[in-house]
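Coordinates as given in final11.csv (CSV, C-alpha atoms):
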chain,number,residue,atom,x,y,z
O,227,MET,CA,-8.4,8.9,-17.9
O,228,SER,CA,-8.1,6.8,-21.0
O,229,PHE,CA,-7.1,3.2,-21.0
O,230,ASP,CA,-4.6,2.2,-23.7
O,231,LYS,CA,-5.1,-1.5,-24.2
O,232,ALA,CA,-2.3,-1.8,-26.7
O,233,ALA,CA,0.2,-0.2,-24.3
O,234,PHE,CA,-1.0,-2.6,-21.6
O,235,GLN,CA,-0.5,-5.6,-23.8
O,236,LYS,CA,3.0,-4.3,-24.9
O,237,LEU,CA,4.0,-4.1,-21.2
O,238,ARG,CA,2.6,-7.6,-20.5
O,239,SER,CA,4.7,-8.9,-23.5
O,240,ASP,CA,7.9,-7.2,-22.2
O,241,ARG,CA,7.3,-8.6,-18.7
O,242,LEU,CA,6.7,-12.1,-20.0
O,243,ALA,CA,10.0,-12.0,-21.9
O,244,TYR,CA,11.7,-11.0,-18.7
O,245,VAL,CA,10.2,-13.9,-16.8
O,246,GLU,CA,11.1,-16.4,-19.6
O,247,GLY,CA,14.7,-15.1,-19.5
O,248,LEU,CA,14.9,-15.7,-15.8
O,249,ARG,CA,13.5,-19.2,-16.2
O,250,ARG,CA,16.2,-20.1,-18.7
O,251,ASN,CA,18.7,-19.4,-15.9
O,252,LYS,CA,18.2,-22.1,-13.3
O,253,GLY,CA,17.4,-20.7,-9.9
O,254,PHE,CA,17.2,-17.1,-10.9
O,255,GLU,CA,13.4,-16.7,-10.7
O,256,ALA,CA,13.2,-18.4,-7.3
O,257,GLY,CA,16.2,-16.4,-6.0
O,258,ILE,CA,14.8,-13.0,-6.9
O,259,LEU,CA,11.4,-13.9,-5.5
O,260,ARG,CA,12.9,-15.0,-2.2
O,261,LEU,CA,15.1,-11.9,-2.0
O,262,LEU,CA,12.3,-9.5,-2.6
O,263,THR,CA,9.7,-11.2,-0.3
O,264,GLN,CA,12.1,-11.7,2.5
O,265,LEU,CA,13.8,-8.3,2.4
O,266,TYR,CA,11.8,-7.1,5.4
O,267,PRO,CA,11.9,-9.1,8.7
O,268,ASP,CA,8.3,-8.0,9.2
O,269,ASN,CA,6.4,-10.1,6.6
O,270,ALA,CA,3.4,-7.9,6.7
O,271,HIS,CA,5.4,-4.8,5.9
O,272,PHE,CA,3.4,-4.3,2.7
O,273,ILE,CA,0.6,-2.9,4.8
O,274,TYR,CA,2.6,0.3,5.2
O,275,GLU,CA,3.3,0.3,1.4
O,276,LEU,CA,-0.4,0.2,0.8
O,277,LEU,CA,-1.0,3.1,3.1
O,278,GLN,CA,1.7,5.0,1.3
O,279,ASN,CA,0.0,4.4,-2.0
O,280,ALA,CA,-3.3,5.7,-0.5
O,281,GLU,CA,-1.4,8.8,0.8
O,282,ASP,CA,0.1,9.5,-2.6
O,283,ALA,CA,-3.4,9.2,-4.1
O,284,ASN,CA,-4.7,11.9,-1.7
O,285,ALA,CA,-7.0,9.5,0.1
O,286,SER,CA,-8.6,10.5,3.4
O,287,HIS,CA,-9.8,7.0,4.3
O,288,ALA,CA,-8.0,3.7,3.9
O,289,LYS,CA,-9.7,0.5,4.8
O,290,PHE,CA,-8.5,-3.1,5.3
O,291,THR,CA,-10.9,-6.1,5.3
O,292,LEU,CA,-9.3,-9.3,6.4
O,293,GLY,CA,-11.1,-12.5,5.5
O,294,LYS,CA,-10.2,-16.1,6.1
O,295,ASP,CA,-8.7,-16.5,2.6
O,296,SER,CA,-7.9,-13.0,1.4
O,297,LEU,CA,-7.1,-9.4,2.3
O,298,ILE,CA,-8.9,-6.5,0.6
O,299,PHE,CA,-7.5,-2.9,0.8
O,300,GLU,CA,-9.5,0.0,-0.4
O,301,HIS,CA,-9.1,3.8,-0.3
O,302,ASP,CA,-10.9,6.9,-1.5
O,303,GLY,CA,-8.0,8.6,-3.2
O,304,LYS,CA,-8.8,10.9,-6.1
O,305,LYS,CA,-5.7,9.9,-8.1
O,306,LEU,CA,-6.7,6.7,-9.9
O,307,PHE,CA,-4.3,4.2,-11.6
O,308,SER,CA,-2.5,5.3,-14.7
O,309,ALA,CA,-0.5,3.4,-17.3
O,310,ARG,CA,2.6,4.6,-15.5
O,311,ASP,CA,1.3,3.1,-12.2
O,312,VAL,CA,0.8,-0.3,-13.9
O,313,GLU,CA,4.3,-0.2,-15.1
O,314,SER,CA,5.6,0.8,-11.7
O,315,ILE,CA,3.8,-1.8,-9.6
O,316,THR,CA,4.9,-4.6,-11.9
O,317,SER,CA,8.5,-3.5,-11.9
O,318,ILE,CA,11.4,-4.2,-9.6
O,319,GLY,CA,12.8,-1.2,-7.8
O,320,ASP,CA,10.9,1.4,-9.9
O,321,SER,CA,8.8,4.1,-8.3
O,322,THR,CA,6.6,6.8,-9.8
O,323,LYS,CA,7.8,9.1,-7.0
O,324,ALA,CA,11.5,8.4,-7.2
O,325,ASP,CA,12.4,11.9,-8.4
O,326,SER,CA,10.3,13.6,-5.7
O,327,PRO,CA,12.1,14.0,-2.3
O,328,THR,CA,8.9,15.4,-0.7
O,329,GLU,CA,6.6,12.4,-1.4
O,330,ILE,CA,6.5,8.9,-0.1
O,331,GLY,CA,7.8,6.3,-2.5
O,332,LYS,CA,5.1,4.6,-4.5
O,333,PHE,CA,5.2,0.8,-5.3
O,334,GLY,CA,8.7,0.4,-4.0
O,335,VAL,CA,10.3,-3.0,-3.2
O,336,GLY,CA,8.2,-3.2,0.0
O,337,PHE,CA,5.1,-3.9,-2.1
O,338,LYS,CA,6.7,-7.1,-3.4
O,339,ALA,CA,6.3,-8.5,0.2
O,340,VAL,CA,2.7,-9.3,-0.8
O,341,PHE,CA,4.0,-12.2,-2.9
O,342,ALA,CA,4.9,-14.0,0.3
O,343,TYR,CA,1.1,-14.3,0.7
O,344,THR,CA,-0.4,-14.3,-2.7
O,345,GLN,CA,0.6,-15.3,-6.3
O,346,THR,CA,-2.1,-13.3,-8.0
O,347,PRO,CA,-2.8,-9.9,-6.4
O,348,GLU,CA,-5.6,-7.9,-8.1
O,349,ILE,CA,-5.9,-4.2,-8.6
O,350,HIS,CA,-9.1,-2.3,-9.5
O,351,SER,CA,-8.7,1.4,-10.0
O,352,GLY,CA,-10.5,3.7,-12.5
O,353,ARG,CA,-10.3,2.0,-15.9
O,354,TYR,CA,-7.6,-0.5,-14.8
O,355,HIS,CA,-8.7,-3.9,-13.7
O,356,PHE,CA,-5.8,-6.5,-13.7
O,357,CYS,CA,-4.0,-9.1,-11.7
O,358,ILE,CA,-0.2,-9.6,-11.4
O,359,ARG,CA,1.3,-13.1,-12.1
O,360,ASP,CA,4.9,-14.3,-11.8
O,361,LEU,CA,5.8,-11.2,-9.7
O,362,VAL,CA,5.9,-8.8,-12.7
O,363,VAL,CA,3.4,-9.8,-15.4
O,364,PRO,CA,0.0,-7.8,-15.5
O,365,ASP,CA,-3.0,-9.7,-16.8
O,366,LEU,CA,-6.3,-7.9,-17.7
O,367,LEU,CA,-9.3,-9.1,-15.8
O,368,GLY,CA,-12.5,-9.7,-17.7
O,369,SER,CA,-14.7,-8.1,-15.0
O,370,SER,CA,-14.2,-5.5,-12.3
O,371,LYS,CA,-14.9,-6.3,-8.7
O,372,SER,CA,-16.4,-2.9,-7.9
O,373,SER,CA,-15.7,-1.3,-4.6
O,374,ALA,CA,-18.2,0.6,-2.6
O,375,HIS,CA,-18.9,4.0,-4.3
O,376,ARG,CA,-16.7,5.9,-1.9
O,377,PHE,CA,-13.7,3.7,-2.5
O,378,GLN,CA,-12.5,4.0,-6.1
O,379,THR,CA,-9.3,2.0,-5.7
O,380,LYS,CA,-9.2,-1.6,-4.5
O,381,PHE,CA,-6.5,-4.2,-4.0
O,382,ASP,CA,-7.5,-7.8,-3.5
O,383,PHE,CA,-4.9,-10.3,-2.2
O,384,PRO,CA,-6.1,-13.9,-2.2
O,385,PHE,CA,-4.1,-16.2,0.1
O,386,ASP,CA,-3.0,-18.6,-2.6
O,387,HIS,CA,0.7,-19.0,-1.9
O,388,PRO,CA,1.7,-22.6,-1.7
O,389,ASN,CA,4.3,-21.9,1.0
O,390,LYS,CA,2.1,-20.0,3.4
O,391,SER,CA,-1.2,-21.3,4.6
O,392,SER,CA,-4.2,-19.0,4.8
O,393,GLN,CA,-4.3,-19.5,8.6
O,394,LYS,CA,-0.7,-18.3,8.9
O,395,ALA,CA,-1.4,-15.3,6.6
O,396,VAL,CA,-4.4,-14.3,8.7
O,397,SER,CA,-2.5,-14.6,11.9
O,398,GLU,CA,0.4,-12.4,10.7
O,399,ILE,CA,-1.7,-9.8,9.1
O,400,THR,CA,-4.0,-9.6,12.1
O,401,SER,CA,-1.0,-8.9,14.3
O,402,ALA,CA,0.2,-6.2,11.9
O,403,LEU,CA,-3.2,-4.5,11.8
O,404,ARG,CA,-3.5,-4.6,15.5
O,405,ALA,CA,-0.1,-3.0,15.8
O,406,LEU,CA,-1.2,0.1,13.9
O,407,ASP,CA,-1.0,2.9,16.5
O,408,ASP,CA,-1.4,6.6,17.1
O,409,ALA,CA,1.9,7.4,15.4
O,410,THR,CA,0.9,5.8,12.2
O,411,LEU,CA,-1.2,8.8,11.3
O,412,LEU,CA,1.2,11.5,12.5
O,413,PHE,CA,3.4,11.3,9.4
O,414,LEU,CA,0.6,11.1,6.9
O,415,SER,CA,-0.8,14.4,5.5
O,416,SER,CA,-3.8,13.2,3.5
O,417,ILE,CA,-5.0,10.1,5.3
O,418,CYS,CA,-6.9,10.9,8.5
O,419,ARG,CA,-8.8,7.6,9.0
O,420,ILE,CA,-7.6,4.0,8.9
O,421,SER,CA,-10.1,1.3,9.5
O,422,TYR,CA,-9.9,-2.5,9.5
O,423,THR,CA,-12.2,-5.5,9.9
O,424,LEU,CA,-10.9,-8.9,11.1
O,425,PRO,CA,-12.2,-12.3,10.1
O,426,ASP,CA,-14.4,-12.6,13.2
O,427,GLY,CA,-16.2,-9.4,12.3
O,428,SER,CA,-14.5,-7.2,14.9
O,429,GLU,CA,-13.4,-3.8,13.9
O,430,GLY,CA,-10.7,-1.3,14.7
O,431,GLN,CA,-10.1,2.3,13.7
O,432,LEU,CA,-7.6,5.1,13.9
O,433,GLU,CA,-8.7,8.7,13.3
O,434,ARG,CA,-6.8,12.0,13.3
O,435,ALA,CA,-8.6,15.2,14.0
O,436,LEU,CA,-7.9,18.9,14.5
O,437,PRO,CA,-10.7,20.0,16.7
O,438,ALA,CA,-11.5,23.7,16.5
O,439,ASP,CA,-10.5,24.2,20.1
O,440,LEU,CA,-7.2,22.5,19.5
O,441,GLN,CA,-6.0,24.2,16.3
O,442,LEU,CA,-3.1,26.2,17.6
O,443,ALA,CA,-1.2,27.9,14.7
O,444,THR,CA,1.4,29.2,16.9
O,445,SER,CA,5.1,28.6,17.7
O,446,ASN,CA,3.9,25.8,20.0
O,447,GLY,CA,3.2,23.6,17.0
O,448,GLU,CA,0.1,22.0,15.5
O,449,HIS,CA,-2.1,20.2,18.1
O,450,ILE,CA,-3.4,16.9,16.8
O,451,GLU,CA,-5.9,14.5,18.4
O,452,VAL,CA,-5.7,10.9,17.5
O,453,SER,CA,-8.5,8.4,18.5
O,454,VAL,CA,-7.8,4.7,18.5
O,455,GLN,CA,-10.5,2.0,18.7
O,456,ARG,CA,-9.4,-1.6,19.1
O,457,PRO,CA,-11.4,-4.7,18.1
O,458,ALA,CA,-11.6,-5.8,21.8
O,459,GLY,CA,-13.5,-2.6,22.6
O,460,GLU,CA,-10.6,-0.6,24.0
O,461,SER,CA,-10.6,3.0,23.0
O,462,ARG,CA,-8.4,6.0,23.8
O,463,ARG,CA,-7.4,9.4,22.7
O,464,SER,CA,-4.0,10.9,22.5
O,465,HIS,CA,-2.8,14.4,21.9
O,466,TRP,CA,0.4,15.4,20.0
O,467,LEU,CA,2.2,18.6,18.9
O,468,ARG,CA,3.4,18.4,15.3
O,469,TYR,CA,6.0,20.9,14.2
O,470,ARG,CA,6.7,21.9,10.6
O,471,LYS,CA,9.8,23.6,9.4
O,472,ALA,CA,11.2,24.3,5.9
O,473,VAL,CA,14.7,23.0,5.6
O,474,SER,CA,17.2,24.0,2.9
O,475,ILE,CA,19.6,21.3,1.8
O,476,ASP,CA,23.1,22.6,1.1
O,477,ASP,CA,25.3,20.6,-1.4
O,478,ASP,CA,28.6,20.1,0.3
O,479,SER,CA,30.2,19.4,-3.0
O,480,THR,CA,29.8,23.0,-4.0
O,481,ARG,CA,31.8,24.2,-1.0
O,482,LYS,CA,35.5,24.8,-1.2
The structure in this file should be written as structure tokens.
Amino acid sequence: MSFDKAAFQKLRSDRLAYVEGLRRNKGFEAGILRLLTQLYPDNAHFIYELLQNAEDANASHAKFTLGKDSLIFEHDGKKLFSARDVESITSIGDSTKADSPTEIGKFGVGFKAVFAYTQTPEIHSGRYHFCIRDLVVPDLLGSSKSSAHRFQTKFDFPFDHPNKSSQKAVSEITSALRALDDATLLFLSSICRISYTLPDGSEGQLERALPADLQLATSNGEHIEVSVQRPAGESRRSHWLRYRKAVSIDDDSTRK
């Protein structure tokens, strides 16, 4: 996948012009930022947006590493960032999956919730290494913070927002990660493992499996086993039946 630096800089220039226009209208920039970052009552909603991104990239493993002053999210998706993805993630209300009713929306408004925690999120994927400033402006980074070999896409969120302390950010995101449960994996087709590490070094994990003795391709549905390991040492397994059925959508407007 080639990297078009000229196209990147053109996008950056367009985004800067947009920000400058907002700043010429008193209160517009702050108002839009407040609207986008407070759209969801759950401030850490962006965690699910990140998982959706990993799902769209055909990842099998998604990993969160929460530190005292940042959150790192990595996944092993085969689909790396493209120029279109850079445009999408720095837009407002755009999505590279908007025309596909069968795929989860990518980089929707939910991603903007990260700006309640950080002013400069970083993305490293394939040939693209950049941060986002002023909500919509991409800036190239001089060096890449390489992920482990198995994780080719990495998001780095430093807790540098002036209105939210790093302690508050850690507390909220810790609660959100601990809240991930069995059902989180049931509606994901590609991701079968979600792991996370908390600042104290404790770890948690959710994993979906289709053990050979549980694969029932019958009218009874698809038997799924989900294992959950909590940082406190708690572990459990749950079993689910997942049904799939093709549904045709009729357009009522064509009926008379």
Nearest-residue call for His350 (chain O), choices O:Gly368, O:Gly293, O:Gly257, O:Gly459, using all atoms listed in the file: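 For His350 (chain O), the nearest of the given residues is O:Gly368.
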Report, in Å with one decimal, the straight-line distance from CA of His301 (chain O) to CA of Gln378 (chain O).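 That distance, rounded to one decimal, is 6.7 Å.
Take CA of Leu277 (chain O) and CA of Arg419 (chain O): the distance between them is 10.8 Å.
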Which one is closest to Ser286 (chain O): O:Ala435, O:Ala243, O:Ala458, O:Val362? Count only C-alpha atoms. O:Ala435
Leaving out Asp360 (chain O) and any residue of its chain fewer than 2 positions from it, which residues lie within 12 Å of it when counting all atoms listed in the file, given as a JSON list (two decimals) with C-alpha atoms, keeping the file's coordinate frame?
[["chain", "number", "residue", "atom", "x", "y", "z"],
["O", 238, "ARG", "CA", 2.60, -7.60, -20.50],
["O", 241, "ARG", "CA", 7.30, -8.60, -18.70],
["O", 242, "LEU", "CA", 6.70, -12.10, -20.00],
["O", 243, "ALA", "CA", 10.00, -12.00, -21.90],
["O", 244, "TYR", "CA", 11.70, -11.00, -18.70],
["O", 245, "VAL", "CA", 10.20, -13.90, -16.80],
["O", 246, "GLU", "CA", 11.10, -16.40, -19.60],
["O", 248, "LEU", "CA", 14.90, -15.70, -15.80],
["O", 249, "ARG", "CA", 13.50, -19.20, -16.20],
["O", 255, "GLU", "CA", 13.40, -16.70, -10.70],
["O", 256, "ALA", "CA", 13.20, -18.40, -7.30],
["O", 258, "ILE", "CA", 14.80, -13.00, -6.90],
["O", 259, "LEU", "CA", 11.40, -13.90, -5.50],
["O", 316, "THR", "CA", 4.90, -4.60, -11.90],
["O", 317, "SER", "CA", 8.50, -3.50, -11.90],
["O", 338, "LYS", "CA", 6.70, -7.10, -3.40],
["O", 341, "PHE", "CA", 4.00, -12.20, -2.90],
["O", 344, "THR", "CA", -0.40, -14.30, -2.70],
["O", 345, "GLN", "CA", 0.60, -15.30, -6.30],
["O", 346, "THR", "CA", -2.10, -13.30, -8.00],
["O", 347, "PRO", "CA", -2.80, -9.90, -6.40],
["O", 357, "CYS", "CA", -4.00, -9.10, -11.70],
["O", 358, "ILE", "CA", -0.20, -9.60, -11.40],
["O", 362, "VAL", "CA", 5.90, -8.80, -12.70],
["O", 363, "VAL", "CA", 3.40, -9.80, -15.40],
["O", 364, "PRO", "CA", 0.00, -7.80, -15.50],
["O", 365, "ASP", "CA", -3.00, -9.70, -16.80],
["O", 387, "HIS", "CA", 0.70, -19.00, -1.90]]
CA of Leu361 (chain O) and CA of Ile315 (chain O), how far apart in Å?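 About the pair CA of Ile315 (chain O) and CA of Leu361 (chain O): they are 9.6 Å apart.
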Selected residue of minimal separation from Ala402 (chain O) among O:Ile273, O:Pro457, O:Gly430, O:Lys236, counting all atoms listed in the file: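 Result for the nearest residue to Ala402 (chain O): O:Ile273.
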Residues around (4.8, -5.1, 6.1), cut-off 10 Å, counting all atoms listed in the file - what are they as a PyMOL selection string? chain O and resi 266-276+336-340+398-399+402-403
I'd like to know which of O:Asp230, O:Asp408, O:Asp382, O:Asp302 is closest to Gln431 (chain O), using all atoms listed in the file.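 Looking only at the distances to Gln431 (chain O), the closest residue turns out to be O:Asp408.
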Extract, using only C-alpha atoms, all DNA, RNA and protein residues at most 8 Å from region 287-292 of chain O, discarding same-chain residues fewer than 5 positions from it, and format them as a PyMOL selection string. chain O and resi 277+280+297-303+396+400+417-425
Given only C-alpha atoms as the basis, pick out the residue of O:Lys252, O:Phe234, O:Glu429, O:Phe229 nearest to Leu366 (chain O).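 Checking each of O:Lys252, O:Phe234, O:Glu429, O:Phe229 against Leu366 (chain O), counting only C-alpha atoms, the winner is O:Phe234.
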Could you name the residues that touch region 463-467 of chain O at 6 Å or less, counting all atoms listed in the file, but leaving out those on the same chain fewer than 4 positions away, as a PyMOL selection string? chain O and resi 447-453
Taking only C-alpha atoms into account, which of O:Ala342, O:Leu411, O:Val312, O:Ile318 comes nearest Ala395 (chain O)?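 Closest residue, counting only C-alpha atoms: O:Ala342.
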Could you please give me, as a PyMOL selection string, the residues of protein, DNA or RNA lying at most 8 Å from (-6.9, 0.5, 19.4) in the coordinate frame of the file, considering all atoms listed in the file? chain O and resi 404+406-407+430-432+454-457+459-462
